[in-house]
Amino acid sequence: MKKILVTGSHSFVGRSFARWLKQFGARYRTDFISLRGTEWRRLSFAGYDALIHCAGIAHMSAAPDALYLRVNRDLAEEAALKARSEGVRQFVFMSSIAVYGGSAPLGKEKIITAETAPVPANNYGRSKLEAEKILAAFATAAFRIAVVRAPLIYGPGCKGNFPALIRCARRLPFFPKVENRRSMIYIGNLCEQLRLIVDREDSGTFFPQNEAYAGTSDLVRRLSALQGRRIILTKLLNPALYFLRCFTPTVDKVFGSLCYARELSRCEEYNIVPFEQSLAETLKAFGDAR
């Protein structure tokens, strides 16, 4: 049996990972620990094979840089040092595509390759990248460090931009027709990637993504069709987007391109939920949020 400790008691990824592992019966045991306060420092990590570090804060617009560093960097460092000193063999750090900065401007491409240098554009990305650098120095043959730079994660219970796209697909008669490409990962496929990383005691940096890129307009069209609706995609709205992007970064965030090169990811290993099925399962979970 693999014993796994997950930091972040209310983490979307952590809770989804624990549910995912239930299908494998007694092969895995998953426990949670909150890193809020100081009590966790007195608890023992001994006996665990792996620690999945999901604790952190994401896009809090009013949060100062110091808070991001304290939570996303310093807590990761503390947890890793404690895990190593108490015999945990593997530390899996949930990082983000945000270490590479934001999306390309509307109408431009941004494809991240093995040669692309991380250049974070906000406090969240900077704090994640600083944590990665600190953790890399802790790696030994007996203490493996795996970094998972996840793109947009969606699935039942997700928050952020994806629920907003679902609402657009449900309510709008028209939507801008934009050609863009984004890497995304369904939570079930991400959980399978994490399971494989733990099983193999992998180390290194991982770039999980679905087998195919997603375009925002096509994604909304698919979500609409799965709900028995037909939304009209039109380029007549595009001039308004180019105008609005001068005043808000949201336009580039939603309609810009941001993707990993296919060769960075071994998608065939963990993409076990097809794209259309992943959308249907996500919609089902949001069924009451009309």
# chains A, B, ... in the order shown; residues from 1 in each chain; ligands from 1
$ select_by_dssp --residues "range 171-264 of chain A" --states "strand (DSSP E)" --output "count of residues only"
14
$ closest_atom_pairs --of "range 21-111 of chain A" --to "range 256-271 of chain A" --cutoff "9 Å" --atoms "only C-alpha atoms" --output "Markdown table"
| residue | atom | partner | partner_atom | distance |
| --- | --- | --- | --- | --- |
| A:Ile97 | CA | A:Cys259 | CA | 8.7 |
| A:Gly102 | CA | A:Leu258 | CA | 7.6 |
| A:Ser103 | CA | A:Leu258 | CA | 5.0 |
| A:Ala104 | CA | A:Gly256 | CA | 5.2 |
| A:Pro105 | CA | A:Gly256 | CA | 5.4 |
| A:Leu106 | CA | A:Gly256 | CA | 4.7 |
| A:Gly107 | CA | A:Gly256 | CA | 6.8 |
| A:Lys108 | CA | A:Ser257 | CA | 6.7 |
| A:Glu109 | CA | A:Ser257 | CA | 5.4 |
| A:Lys110 | CA | A:Leu258 | CA | 5.1 |
| A:Ile111 | CA | A:Cys259 | CA | 5.0 |
$ closest_residue --among "A:Phe162, A:Leu194, A:Phe175, A:Glu211" --to "Ala240 in chain A" --atoms "only C-alpha atoms"
A:Phe175
$ closest_atom_pairs --of "range 113-192 of chain A" --to "range 14-21 of chain A" --cutoff "8 Å" --atoms "only C-alpha atoms" --output "JSON lines"
{"residue": "A:Ile187", "atom": "CA", "partner": "A:Ser16", "partner_atom": "CA", "distance": 7.2}
{"residue": "A:Gly188", "atom": "CA", "partner": "A:Trp20", "partner_atom": "CA", "distance": 7.1}
{"residue": "A:Cys191", "atom": "CA", "partner": "A:Phe17", "partner_atom": "CA", "distance": 5.2}
{"residue": "A:Glu192", "atom": "CA", "partner": "A:Trp20", "partner_atom": "CA", "distance": 7.8}
$ write_last_selection --atoms "N, CA and C atoms" --output "PDB file, in the first residue's frame"
ATOM      1  N   ILE A 187      -9.588  17.149 -14.582  1.00  0.00           N
ATOM      2  CA  ILE A 187      -9.135  16.764 -13.248  1.00  0.00           C
ATOM      3  C   ILE A 187      -8.907  15.250 -13.134  1.00  0.00           C
ATOM      4  N   GLY A 188      -9.726  14.451 -13.787  1.00  0.00           N
ATOM      5  CA  GLY A 188      -9.526  13.000 -13.747  1.00  0.00           C
ATOM      6  C   GLY A 188      -8.210  12.592 -14.389  1.00  0.00           C
ATOM      7  N   CYS A 191      -5.381  13.624 -12.103  1.00  0.00           N
ATOM      8  CA  CYS A 191      -5.263  12.693 -10.974  1.00  0.00           C
ATOM      9  C   CYS A 191      -4.559  11.406 -11.396  1.00  0.00           C
ATOM     10  N   GLU A 192      -4.818  10.944 -12.603  1.00  0.00           N
ATOM     11  CA  GLU A 192      -4.134   9.750 -13.095  1.00  0.00           C
ATOM     12  C   GLU A 192      -2.648  10.027 -13.283  1.00  0.00           C
TER      13      GLU A 192
END
